[in-house]
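model35.txt (compact mmCIF, C-alpha atoms and all ligand atoms)
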```txt
# COMPACT_ATOMS: atom_id res chain seq x y z
CA MET A 55 -14.04 -23.51 -19.91
CA THR A 56 -16.04 -25.24 -22.64
CA ASN A 57 -13.24 -27.35 -24.16
CA ASN A 58 -9.47 -27.48 -24.42
CA HIS A 59 -9.17 -26.17 -27.98
CA PHE A 60 -8.29 -22.54 -28.75
CA ASP A 61 -7.38 -20.49 -31.80
CA VAL A 62 -4.24 -19.16 -30.11
CA ILE A 63 -2.40 -20.03 -26.88
CA VAL A 64 -0.14 -17.36 -25.37
CA VAL A 65 2.63 -18.68 -23.09
CA GLY A 66 3.65 -16.05 -20.52
CA VAL A 67 1.20 -13.34 -19.45
CA GLY A 68 3.63 -10.55 -18.62
CA ALA A 69 3.99 -7.33 -20.61
CA MET A 70 3.97 -8.79 -24.13
CA GLY A 71 1.71 -11.77 -23.47
CA SER A 72 -1.00 -9.75 -21.73
CA ALA A 73 -0.98 -7.25 -24.62
CA ALA A 74 -1.27 -10.10 -27.12
CA CYS A 75 -4.22 -11.59 -25.21
CA TRP A 76 -6.01 -8.24 -25.34
CA GLU A 77 -5.36 -7.67 -29.01
CA LEU A 78 -6.43 -11.20 -29.96
CA ALA A 79 -9.59 -10.89 -27.87
CA ARG A 80 -10.32 -7.55 -29.57
CA ARG A 81 -10.22 -9.40 -32.89
CA GLY A 82 -12.67 -12.02 -31.69
CA VAL A 83 -9.98 -14.72 -31.60
CA ARG A 84 -10.45 -17.51 -29.04
CA VAL A 85 -7.31 -17.06 -26.94
CA LEU A 86 -5.90 -18.80 -23.86
CA GLY A 87 -3.15 -17.06 -21.85
CA LEU A 88 -1.05 -19.23 -19.50
CA GLU A 89 1.10 -17.69 -16.77
CA GLN A 90 3.29 -19.63 -14.33
CA PHE A 91 3.04 -17.06 -11.48
CA ASP A 92 0.60 -14.37 -10.28
CA ILE A 93 -0.63 -11.81 -12.82
CA PRO A 94 1.18 -9.44 -12.50
CA HIS A 95 4.17 -10.52 -10.38
CA THR A 96 7.59 -9.33 -9.26
CA ARG A 97 9.83 -12.20 -10.44
CA GLY A 98 10.17 -11.23 -14.11
CA SER A 99 10.81 -8.02 -16.03
CA SER A 100 7.67 -5.93 -15.63
CA HIS A 101 7.48 -4.64 -12.06
CA GLY A 102 8.80 -1.59 -10.22
CA TYR A 103 5.96 0.96 -10.65
CA SER A 104 7.20 2.82 -13.75
CA ARG A 105 8.75 2.44 -17.21
CA VAL A 106 10.11 5.16 -19.49
CA THR A 107 8.59 5.72 -22.90
CA ARG A 108 10.19 7.89 -25.59
CA THR A 109 9.76 8.50 -29.32
CA ALA A 110 13.08 9.90 -30.66
CA TYR A 111 14.68 6.46 -30.42
CA TYR A 112 18.46 6.43 -30.85
CA GLU A 113 18.67 2.63 -30.82
CA HIS A 114 17.28 2.08 -34.37
CA SER A 115 15.25 4.23 -36.74
CA ASP A 116 12.61 1.53 -37.38
CA TYR A 117 11.53 1.57 -33.74
CA VAL A 118 10.00 5.04 -34.22
CA PRO A 119 6.86 4.05 -36.20
CA LEU A 120 6.34 1.21 -33.73
CA LEU A 121 6.54 3.69 -30.84
CA GLN A 122 4.08 6.05 -32.50
CA ARG A 123 1.67 3.17 -32.92
CA SER A 124 2.29 1.99 -29.35
CA HIS A 125 1.25 5.37 -27.95
CA ILE A 126 -2.03 5.21 -29.88
CA LEU A 127 -2.66 1.70 -28.56
CA TRP A 128 -1.82 2.71 -24.97
CA SER A 129 -4.52 5.40 -25.30
CA GLU A 130 -6.98 2.81 -26.59
CA LEU A 131 -6.19 0.60 -23.59
CA GLU A 132 -6.72 3.58 -21.27
CA ALA A 133 -10.09 4.29 -22.88
CA GLU A 134 -11.25 0.67 -22.61
CA SER A 135 -9.98 0.12 -19.06
CA ALA A 136 -10.78 3.62 -17.73
CA GLU A 137 -7.30 3.69 -16.17
CA LYS A 138 -4.52 6.30 -16.57
CA ILE A 139 -1.52 4.23 -17.66
CA LEU A 140 0.56 6.52 -19.91
CA HIS A 141 1.83 9.82 -18.47
CA MET A 142 3.35 12.01 -21.21
CA VAL A 143 5.41 14.29 -18.97
CA GLY A 144 8.21 14.77 -21.53
CA GLY A 145 11.77 13.43 -21.58
CA LEU A 146 15.13 15.14 -21.03
CA TYR A 147 18.28 13.44 -22.40
CA LEU A 148 21.67 14.73 -21.21
CA GLY A 149 25.13 14.11 -22.66
CA PRO A 150 27.59 15.28 -25.28
CA LEU A 151 26.00 16.37 -28.56
CA ASP A 152 28.03 13.79 -30.46
CA GLY A 153 27.19 11.00 -27.98
CA GLU A 154 24.80 8.12 -28.63
CA LEU A 155 22.01 9.36 -26.34
CA VAL A 156 21.73 13.05 -27.28
CA GLY A 157 23.23 12.87 -30.78
CA GLY A 158 21.31 9.72 -31.68
CA SER A 159 18.01 10.99 -30.28
CA LEU A 160 18.48 14.29 -32.15
CA ARG A 161 19.12 12.40 -35.40
CA SER A 162 16.02 10.31 -34.82
CA ALA A 163 13.89 13.40 -34.03
CA ARG A 164 15.05 15.17 -37.20
CA GLU A 165 14.69 12.11 -39.42
CA HIS A 166 11.13 11.47 -38.29
CA GLY A 167 10.05 15.12 -37.88
CA LEU A 168 9.46 14.69 -34.14
CA ALA A 169 8.94 17.66 -31.81
CA HIS A 170 12.10 18.40 -29.83
CA GLU A 171 14.14 21.20 -28.30
CA LEU A 172 17.91 21.25 -28.16
CA LEU A 173 19.27 22.95 -25.02
CA ASP A 174 22.84 24.09 -24.42
CA ARG A 175 24.44 23.61 -21.03
CA ALA A 176 23.31 27.08 -19.78
CA ALA A 177 19.70 26.42 -20.80
CA VAL A 178 19.79 23.00 -19.09
CA SER A 179 21.01 24.59 -15.85
CA LYS A 180 18.39 27.33 -15.99
CA ARG A 181 15.40 25.11 -16.74
CA PHE A 182 16.50 21.97 -14.89
CA PRO A 183 18.72 23.06 -11.98
CA GLN A 184 18.29 19.56 -10.51
CA PHE A 185 21.07 18.39 -12.90
CA THR A 186 24.78 19.26 -12.70
CA VAL A 187 26.41 18.32 -16.00
CA PRO A 188 29.76 19.11 -17.68
CA ASP A 189 30.13 22.41 -19.56
CA ASP A 190 30.35 20.78 -22.98
CA TRP A 191 27.13 18.74 -22.60
CA SER A 192 23.74 19.45 -24.18
CA GLY A 193 20.16 18.49 -23.41
CA LEU A 194 17.47 17.24 -25.74
CA LEU A 195 13.94 17.79 -24.54
CA GLU A 196 11.21 15.68 -26.12
CA PRO A 197 7.49 16.21 -25.41
CA GLN A 198 6.45 12.76 -26.75
CA ALA A 199 8.04 10.94 -23.81
CA GLY A 200 7.02 10.06 -20.29
CA PHE A 201 6.26 7.00 -18.23
CA LEU A 202 3.95 4.02 -18.07
CA LEU A 203 2.67 2.18 -14.98
CA PRO A 204 3.63 -1.45 -15.75
CA GLU A 205 1.67 -3.39 -13.14
CA LEU A 206 -1.47 -1.39 -13.93
CA ALA A 207 -0.90 -1.85 -17.67
CA ILE A 208 -0.69 -5.65 -17.37
CA SER A 209 -3.78 -5.74 -15.15
CA ALA A 210 -5.64 -3.56 -17.64
CA PHE A 211 -4.62 -5.72 -20.63
CA VAL A 212 -5.75 -8.85 -18.77
CA ASN A 213 -9.01 -7.42 -17.46
CA CYS A 214 -9.96 -6.03 -20.86
CA ALA A 215 -9.05 -9.32 -22.56
CA LEU A 216 -11.12 -11.31 -20.04
CA HIS A 217 -14.11 -8.99 -20.46
CA ARG A 218 -13.87 -9.65 -24.19
CA GLY A 219 -13.97 -13.42 -23.71
CA ALA A 220 -10.30 -14.43 -23.43
CA GLU A 221 -9.40 -17.24 -21.05
CA ILE A 222 -6.37 -16.51 -18.85
CA HIS A 223 -4.92 -18.74 -16.12
CA GLY A 224 -2.40 -17.71 -13.47
CA HIS A 225 -0.25 -20.32 -11.70
CA GLU A 226 -0.31 -22.70 -14.65
CA GLU A 227 3.21 -23.32 -15.90
CA VAL A 228 3.68 -24.61 -19.44
CA LYS A 229 5.86 -27.71 -19.21
CA ALA A 230 6.02 -28.87 -22.83
CA TRP A 231 4.78 -28.06 -26.33
CA HIS A 232 4.64 -29.76 -29.67
CA ALA A 233 3.74 -28.43 -33.12
CA ASP A 234 2.51 -30.60 -36.02
CA ALA A 235 0.77 -30.09 -39.34
CA SER A 236 -2.69 -29.74 -37.80
CA GLY A 237 -1.94 -27.58 -34.76
CA VAL A 238 -0.04 -27.27 -31.49
CA THR A 239 -0.26 -29.16 -28.23
CA VAL A 240 0.60 -27.43 -24.98
CA THR A 241 1.03 -29.36 -21.75
CA THR A 242 0.85 -27.69 -18.36
CA ALA A 243 1.05 -29.06 -14.85
CA LEU A 244 -2.76 -29.26 -14.90
CA ARG A 245 -3.88 -30.36 -18.39
CA THR A 246 -3.21 -30.52 -22.12
CA TYR A 247 -4.54 -27.98 -24.63
CA ARG A 248 -4.71 -27.83 -28.42
CA ALA A 249 -4.61 -24.68 -30.53
CA ASP A 250 -4.09 -23.57 -34.11
CA LYS A 251 -1.29 -21.15 -33.18
CA LEU A 252 1.12 -20.62 -30.31
CA ILE A 253 2.75 -17.40 -29.11
CA PHE A 254 5.78 -17.52 -26.82
CA SER A 255 6.23 -14.43 -24.67
CA GLY A 256 8.10 -16.02 -21.77
CA GLY A 257 10.47 -13.14 -20.94
CA ALA A 258 13.49 -14.31 -18.93
CA TRP A 259 12.35 -17.94 -19.23
CA SER A 260 12.41 -17.90 -23.03
CA ASN A 261 15.58 -19.98 -23.27
CA SER A 262 13.93 -22.88 -21.50
CA LEU A 263 10.83 -22.65 -23.72
CA ILE A 264 12.60 -22.29 -27.06
CA HIS A 265 16.03 -23.86 -26.88
CA ASP A 266 16.50 -24.83 -30.51
CA LEU A 267 16.93 -21.43 -32.15
CA GLY A 268 20.68 -21.13 -31.78
CA VAL A 269 20.31 -17.52 -30.58
CA PRO A 270 21.64 -17.12 -27.04
CA LEU A 271 19.57 -14.94 -24.71
CA THR A 272 21.39 -13.82 -21.57
CA VAL A 273 19.45 -12.91 -18.46
CA THR A 274 20.88 -10.22 -16.18
CA ARG A 275 19.99 -9.13 -12.65
CA GLN A 276 19.14 -5.41 -12.65
CA VAL A 277 18.75 -3.07 -9.69
CA LEU A 278 16.22 -0.28 -9.18
CA GLY A 279 16.47 2.27 -6.38
CA TRP A 280 14.20 4.81 -4.68
CA VAL A 281 15.54 7.67 -2.53
CA TRP A 282 14.08 10.65 -0.70
CA PRO A 283 15.65 13.75 -2.32
CA LYS A 284 17.05 16.64 -0.26
CA THR A 285 14.72 19.09 -2.05
CA PRO A 286 11.58 17.04 -2.81
CA ALA A 287 9.66 19.86 -4.51
CA ALA A 288 12.24 19.97 -7.31
CA PHE A 289 11.58 16.35 -8.23
CA LYS A 290 7.77 16.34 -8.33
CA ALA A 291 5.78 15.32 -11.40
CA GLY A 292 5.00 18.53 -13.26
CA THR A 293 8.46 19.90 -12.43
CA LEU A 294 10.64 17.11 -13.74
CA PRO A 295 10.28 15.07 -16.96
CA VAL A 296 11.64 11.53 -17.23
CA TRP A 297 15.38 11.82 -17.77
CA MET A 298 18.37 9.90 -19.11
CA ILE A 299 22.06 10.64 -18.66
CA ASP A 300 24.79 9.33 -20.99
CA ARG A 301 27.50 7.64 -18.93
CA LEU A 302 29.72 7.78 -22.05
CA ASP A 303 30.50 4.06 -22.04
CA GLY A 304 27.38 2.77 -23.81
CA THR A 305 25.26 2.79 -20.67
CA THR A 306 22.83 5.37 -19.33
CA TYR A 307 21.37 6.37 -16.01
CA TYR A 308 17.68 7.16 -16.01
CA GLY A 309 14.91 8.17 -13.68
CA PHE A 310 11.44 9.52 -13.18
CA PRO A 311 9.68 12.39 -11.48
CA MET A 312 8.24 11.47 -8.09
CA VAL A 313 4.81 9.88 -8.51
CA THR A 314 2.17 8.85 -6.01
CA GLN A 315 2.36 5.20 -7.11
CA SER A 316 5.84 4.70 -5.56
CA PRO A 317 7.95 6.08 -2.72
CA GLY A 318 10.38 8.94 -3.40
CA LEU A 319 12.56 9.37 -6.47
CA LYS A 320 13.32 6.36 -8.70
CA VAL A 321 16.73 6.02 -10.38
CA ALA A 322 18.52 3.16 -12.17
CA VAL A 323 21.20 2.28 -14.66
CA HIS A 324 20.36 0.97 -18.14
CA ALA A 325 23.03 -1.57 -19.08
CA PRO A 326 23.13 -5.32 -18.58
CA LEU A 327 24.51 -5.96 -15.06
CA ASP A 328 25.36 -9.43 -13.63
CA ARG A 329 24.37 -12.53 -15.55
CA THR A 330 21.91 -14.78 -13.76
CA ASP A 331 19.40 -17.59 -14.11
CA PRO A 332 15.72 -16.62 -13.67
CA ASN A 333 15.07 -19.65 -11.43
CA HIS A 334 18.03 -19.02 -9.11
CA VAL A 335 18.45 -15.26 -9.10
CA GLU A 336 19.30 -13.51 -5.84
CA ARG A 337 16.28 -11.30 -5.26
CA GLY A 338 17.55 -9.97 -1.95
CA ILE A 339 19.98 -7.07 -1.79
CA LEU A 340 23.70 -7.58 -2.42
CA PRO A 341 26.68 -5.35 -1.54
CA GLY A 342 27.19 -2.95 -4.43
CA ASP A 343 23.53 -2.85 -5.49
CA GLU A 344 22.97 0.67 -4.17
CA GLU A 345 26.17 1.97 -5.76
CA THR A 346 24.86 1.09 -9.25
CA PHE A 347 22.71 4.26 -9.13
CA ARG A 348 24.11 6.17 -6.12
CA SER A 349 27.12 7.26 -8.20
CA CYS A 350 24.72 8.96 -10.64
CA LEU A 351 23.05 10.95 -7.86
CA ARG A 352 26.39 12.05 -6.35
CA ARG A 353 27.80 13.17 -9.67
CA PHE A 354 24.84 14.54 -11.64
CA ILE A 355 21.89 15.10 -9.25
CA PRO A 356 23.36 16.15 -5.87
CA GLN A 357 20.00 17.39 -4.51
CA GLY A 358 18.58 13.94 -5.19
CA ASP A 359 21.29 12.18 -3.21
CA GLY A 360 19.15 11.56 -0.11
CA PRO A 361 18.34 8.56 2.09
CA LEU A 362 17.51 5.21 0.54
CA LEU A 363 13.86 4.14 0.60
CA ALA A 364 13.75 0.97 -1.48
CA LEU A 365 15.78 -1.38 -3.66
CA ARG A 366 14.38 -3.97 -6.04
CA THR A 367 15.76 -6.44 -8.52
CA CYS A 368 14.36 -7.15 -11.96
CA LEU A 369 15.49 -9.18 -15.00
CA TYR A 370 16.71 -8.08 -18.43
CA THR A 371 16.60 -10.71 -21.19
CA ASN A 372 19.31 -9.59 -23.59
CA SER A 373 19.50 -10.59 -27.24
CA PRO A 374 22.99 -10.73 -28.80
CA ASP A 375 22.57 -7.26 -30.41
CA GLY A 376 20.21 -5.61 -27.92
CA HIS A 377 17.31 -5.57 -30.39
CA PHE A 378 14.07 -7.46 -29.85
CA ILE A 379 13.31 -10.83 -31.43
CA LEU A 380 9.89 -10.87 -33.05
CA ASP A 381 9.33 -13.53 -35.66
CA ARG A 382 7.75 -16.80 -36.60
CA HIS A 383 9.62 -19.89 -35.49
CA PRO A 384 11.91 -20.88 -38.40
CA ARG A 385 10.83 -24.54 -38.26
CA HIS A 386 7.26 -24.28 -36.95
CA GLU A 387 5.08 -21.89 -38.90
CA ARG A 388 2.31 -22.06 -36.29
CA VAL A 389 4.61 -20.70 -33.60
CA VAL A 390 5.36 -16.99 -33.05
CA LEU A 391 8.15 -15.71 -30.81
CA ALA A 392 8.57 -12.49 -28.83
CA ALA A 393 11.78 -12.47 -26.79
CA GLY A 394 15.00 -10.63 -25.97
CA PHE A 395 13.52 -7.27 -25.07
CA SER A 396 16.93 -6.26 -23.72
CA GLY A 397 15.82 -3.80 -21.05
CA HIS A 398 13.88 -1.45 -23.32
CA GLY A 399 10.75 -3.34 -24.35
CA PHE A 400 7.98 -2.25 -22.03
CA LYS A 401 7.05 0.95 -23.87
CA PHE A 402 6.41 -1.21 -26.96
CA ALA A 403 4.19 -3.78 -25.23
CA SER A 404 0.95 -2.45 -26.70
CA VAL A 405 2.26 -2.56 -30.27
CA ILE A 406 4.05 -5.89 -29.71
CA GLY A 407 0.65 -7.30 -28.75
CA GLU A 408 -0.73 -6.07 -32.07
CA LEU A 409 2.25 -7.44 -34.02
CA LEU A 410 2.00 -10.83 -32.32
CA ALA A 411 -1.70 -10.97 -33.16
CA ASP A 412 -0.89 -10.07 -36.79
CA LEU A 413 1.76 -12.78 -37.03
CA ALA A 414 -0.40 -15.40 -35.34
CA CYS A 415 -3.53 -14.62 -37.34
CA THR A 416 -2.14 -13.87 -40.82
CA GLY A 417 1.57 -14.77 -40.73
CA GLN A 418 2.55 -11.19 -41.58
CA THR A 419 2.23 -7.53 -40.57
CA ARG A 420 2.34 -4.18 -42.32
CA GLN A 421 4.60 -2.70 -39.65
CA PRO A 422 8.39 -2.52 -40.33
CA ILE A 423 9.67 -5.39 -38.21
CA GLY A 424 12.24 -6.92 -40.56
CA PHE A 425 15.03 -5.62 -38.34
CA LEU A 426 13.65 -7.69 -35.44
CA GLY A 427 13.63 -10.99 -37.36
CA LEU A 428 15.75 -14.07 -36.66
CA GLU A 429 17.31 -13.83 -40.12
CA ARG A 430 19.73 -11.15 -38.88
CA PHE A 431 21.53 -13.70 -36.68
CA ARG A 432 21.90 -16.17 -39.54
CA LYS A 433 23.41 -13.42 -41.72
CA GLY A 434 25.76 -12.22 -39.02
C1 LIG B 501 14.90 -2.87 -14.05
C2 LIG B 501 14.21 -2.76 -15.37
C3 LIG B 501 13.91 -1.52 -15.87
C4 LIG B 501 13.33 -1.39 -17.14
N1 LIG B 501 13.01 -0.14 -17.60
C5 LIG B 501 12.37 -0.01 -18.80
C6 LIG B 501 11.93 1.27 -19.23
O1 LIG B 501 12.08 2.27 -18.53
N2 LIG B 501 11.29 1.34 -20.43
C7 LIG B 501 11.07 0.24 -21.21
O2 LIG B 501 10.49 0.37 -22.29
N3 LIG B 501 11.46 -0.99 -20.80
C8 LIG B 501 12.10 -1.14 -19.62
N4 LIG B 501 12.47 -2.37 -19.17
C9 LIG B 501 12.27 -3.53 -20.04
C10 LIG B 501 10.86 -4.06 -20.00
O3 LIG B 501 10.32 -3.96 -18.72
C11 LIG B 501 10.90 -5.49 -20.52
O4 LIG B 501 11.48 -5.47 -21.82
C12 LIG B 501 9.50 -6.09 -20.59
O5 LIG B 501 8.85 -5.96 -19.36
C13 LIG B 501 9.62 -7.55 -21.00
O6 LIG B 501 8.32 -8.10 -21.09
P1 LIG B 501 8.12 -9.66 -21.31
O7 LIG B 501 6.67 -9.85 -21.57
O8 LIG B 501 9.11 -10.13 -22.30
O9 LIG B 501 8.56 -10.32 -19.91
P2 LIG B 501 7.67 -10.49 -18.59
O10 LIG B 501 6.79 -9.31 -18.38
O11 LIG B 501 8.59 -10.87 -17.49
O12 LIG B 501 6.71 -11.68 -18.96
C14 LIG B 501 7.13 -12.98 -19.24
C15 LIG B 501 6.15 -13.89 -18.53
O13 LIG B 501 6.24 -15.21 -19.00
C16 LIG B 501 5.99 -16.06 -17.91
N5 LIG B 501 6.46 -17.41 -18.23
C17 LIG B 501 7.72 -17.76 -18.58
N6 LIG B 501 7.79 -19.10 -18.79
C18 LIG B 501 6.55 -19.59 -18.60
C19 LIG B 501 5.99 -20.90 -18.66
N7 LIG B 501 6.73 -21.97 -18.98
N8 LIG B 501 4.67 -21.06 -18.39
C20 LIG B 501 3.89 -19.98 -18.09
N9 LIG B 501 4.39 -18.73 -17.97
C21 LIG B 501 5.69 -18.52 -18.24
C22 LIG B 501 6.75 -15.39 -16.78
O14 LIG B 501 6.36 -15.82 -15.50
C23 LIG B 501 6.42 -13.93 -17.04
O15 LIG B 501 5.28 -13.51 -16.34
C24 LIG B 501 13.05 -2.54 -17.91
C25 LIG B 501 13.32 -3.80 -17.38
C26 LIG B 501 13.89 -3.92 -16.13
C27 LIG B 501 14.17 -5.28 -15.58
```

Could you write out this file's structure as structure tokens?
Ligand SMILES: Cc1cc2nc3c(=O)[nH]c(=O)nc-3n(C[C@H](O)[C@H](O)[C@H](O)COP(=O)(O)OP(=O)(O)OC[C@H]3O[C@@H](n4cnc5c(N)ncnc54)[C@H](O)[C@@H]3O)c2cc1C
Amino acid sequence: MTNNHFDVIVVGVGAMGSAACWELARRGVRVLGLEQFDIPHTRGSSHGYSRVTRTAYYEHSDYVPLLQRSHILWSELEAESAEKILHMVGGLYLGPLDGELVGGSLRSAREHGLAHELLDRAAVSKRFPQFTVPDDWSGLLEPQAGFLLPELAISAFVNCALHRGAEIHGHEEVKAWHADASGVTVTTALRTYRADKLIFSGGAWSNSLIHDLGVPLTVTRQVLGWVWPKTPAAFKAGTLPVWMIDRLDGTTYYGFPMVTQSPGLKVAVHAPLDRTDPNHVERGILPGDEETFRSCLRRFIPQGDGPLLALRTCLYTNSPDGHFILDRHPRHERVVLAAGFSGHGFKFASVIGELLADLACTGQTRQPIGFLGLERFRKG
């Protein structure tokens, strides 16, 4: 380290922070990334071997161009790191045609001209006999979907950033920060740094870093499970796409084909579970954890309902409306915020890195991110 002054300091080197470090380093910006734990680690939101990516996003139309850009950037990261991080194995969404998952994804695919195939119940059963769904359900098959390897992605972002001259420190918790007219001061347990700009990408710890926004972020303890299916060949990569099932109450089950990076078949529920505090969360297994996904296997994937191999906990950081928060700090123009990824942010990490770099370097971006701004909470 030559001195303690940087162009940009990134607080939190998880999914979003590592991507921002890479993007800033690609632009020749002098960047320092500070992470309180190991890089990567298993105490935040970005572990568990796999993350779904999709394109026909039912959650909001403006996510689609961001996803298309994210897939390009994931490929650029793969090229630079020489690692295979994004596996486009397709996605299958199951539920009623007028439900949020299938109906909303279909609307998104049509609106954006995305490749897709609508399957009736008979076609679902013929092509994907792994699933047992009600007679009046449909399936939407999307080729521009698949999975990412999160731990490898973060390592690749960090390695590529470091090779390009970024400075990144693990085990250096940010304790305090201060912004003034000439720059920002960041104090860690080890030393004090100055920078022109500051990016907060603290995940589940965002509330303790930025407590003056008046936007409550709730952290929830999520459960992931891995089982050994009764008919393993039916669940191999190449046979099964990533999949999501509409539980018809605003939550979905989802899972992955079996991959060599993790044991057995991974399945989980996508909905905020029990509220927690990131510093006091129960990371061991609690009664009821297995049932969060076991009910899905019993009801919809009976051949997958085999012995348990692993259980893990992970943290969602939920914004009040389930959409991300990506904006400049309303009172400190040198400070940029990325928070509240609400259980669906990983697939966007590559493009969030680019957006954070845009906001930190120029104060604006050409991408459509108005719907992710803080203004929406003031209006509402
Ligand atoms: C069980 C589960 C399944 C999910 N599945 C999917 C999926 O299939 N597809 C998808 O797109 N998304 C999914 N997500 C969501 C996605 O993983 C998250 O949105 C994303 O990982 C959030 O990234 P982040 O950078 O905000 O948080 P993190 O990756 O947790 O990074 C935040 C970092 O900031 C650090 N930090 C905080 N405070 C400080 C400080 N004071 N000093 C230094 N460092 C600090 C933390 O230690 C942490 O490393 C899932 C999430 C979970 C929990």

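Interatomic distance, atom CA of A:Val389 against atom O8 of ligand LIG 501 (chain B): 16.1 Å.
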
Can I get the residues close to ligand LIG 501 (chain B) as a count of residues only, where close means within 7 Å and we count all atoms listed in the file?
49

Could you tell me how far atom CA of A:Thr274 sits from atom CA of A:Pro326, in Å to one decimal place?
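A separation of 5.9 Å between them.
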
message = Residues within 12 Å of A:Leu365, please, as a ChimeraX atom specification. Count all atoms listed in the file; anything in the same chain fewer than 6 positions from it doesn't count.
response = /A:102,276-281,316-322,337-348

How big is the axis-aligned box around all listed atoms of stretch 250-254 of chain A once 3 Å goes on each side, and where's its centre, in Å to one decimal, as AutoDock Vina command-line options?
```
--center_x 0.8 --center_y -20.5 --center_z -30.5 --size_x 15.9 --size_y 12.2 --size_z 13.3
```

One-decimal distance in Å that lies between atom CA of A:Val390 and atom CA of A:Leu78 |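 So the answer is 13.5 Å.
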
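Nearest to A:Glu387 of all the residues A:Val323, A:Glu429, A:Ser349, A:Lys251 is A:Lys251, counting all atoms listed in the file.
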
| request: Would you kindly return, as a ChimeraX atom specification, each protein, DNA or RNA residue with an atom no farther than 7 Å from any atom of stretch 120-136 of chain A, considering all atoms listed in the file and excluding same-chain residues fewer than 5 positions away? | output: /A:109,210,214,402,404-405

So that I can check the surroundings of A:Val178, please list as a ChimeraX atom specification every protein, DNA and RNA residue that reaches within 12 Å of it, counting only C-alpha atoms and ignoring chain neighbours fewer than 5 positions away. /A:146-149,171-173,183-195

- Identify, on the basis of all atoms listed in the file, every residue whose closest approach to A:Gln315 does not exceed 12 Å; exclude the query and any residue fewer than 2 positions from it along the same chain; express the result as a ChimeraX atom specification. /A:102-104,138-139,201-206,291,310-313,317-320

Notebook entry, point to check: When distances are computed from all atoms listed in the file, which of A:Gly145, A:Pro270, A:Pro150, A:Gly167 shows the smallest separation from A:Asn372?
Noted result: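 Of all the options, A:Pro270 lies closest to A:Asn372.
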
Long-range neighbours of A:Tyr117 as a short mmCIF file (atom, residue, chain, number, x, y, z; two decimals) with C-alpha atoms, keeping the file's coordinate frame, 10 Å cut-off, only C-alpha atoms, 4 positions minimum in chain:
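So around-v4.cif came out as:
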```
data_model
loop_
_atom_site.label_atom_id
_atom_site.label_comp_id
_atom_site.auth_asym_id
_atom_site.auth_seq_id
_atom_site.Cartn_x
_atom_site.Cartn_y
_atom_site.Cartn_z
CA THR A 109 9.76 8.50 -29.32
CA ALA A 110 13.08 9.90 -30.66
CA TYR A 111 14.68 6.46 -30.42
CA TYR A 112 18.46 6.43 -30.85
CA GLU A 113 18.67 2.63 -30.82
CA LEU A 121 6.54 3.69 -30.84
CA GLN A 122 4.08 6.05 -32.50
CA SER A 162 16.02 10.31 -34.82
CA HIS A 377 17.31 -5.57 -30.39
CA PHE A 402 6.41 -1.21 -26.96
CA PRO A 422 8.39 -2.52 -40.33
CA ILE A 423 9.67 -5.39 -38.21
CA PHE A 425 15.03 -5.62 -38.34
CA LEU A 426 13.65 -7.69 -35.44
#
```

**Prompt:** From the set A:Glu154, A:Glu137, A:Glu77, A:Asp61, which residue has the shortest atom-to-atom contact distance to A:Leu302, counting only C-alpha atoms?
**Reply:**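 Looking at the shortest contact to A:Leu302, the residue is A:Glu154.
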
- request: May I ask which of the residues A:Gly219, A:Asp116, A:Ser262, A:Arg352 is the closest one to A:Gly82, counting only C-alpha atoms?
  value: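 Of A:Gly219, A:Asp116, A:Ser262, A:Arg352, the one nearest A:Gly82 is A:Gly219, counting only C-alpha atoms.
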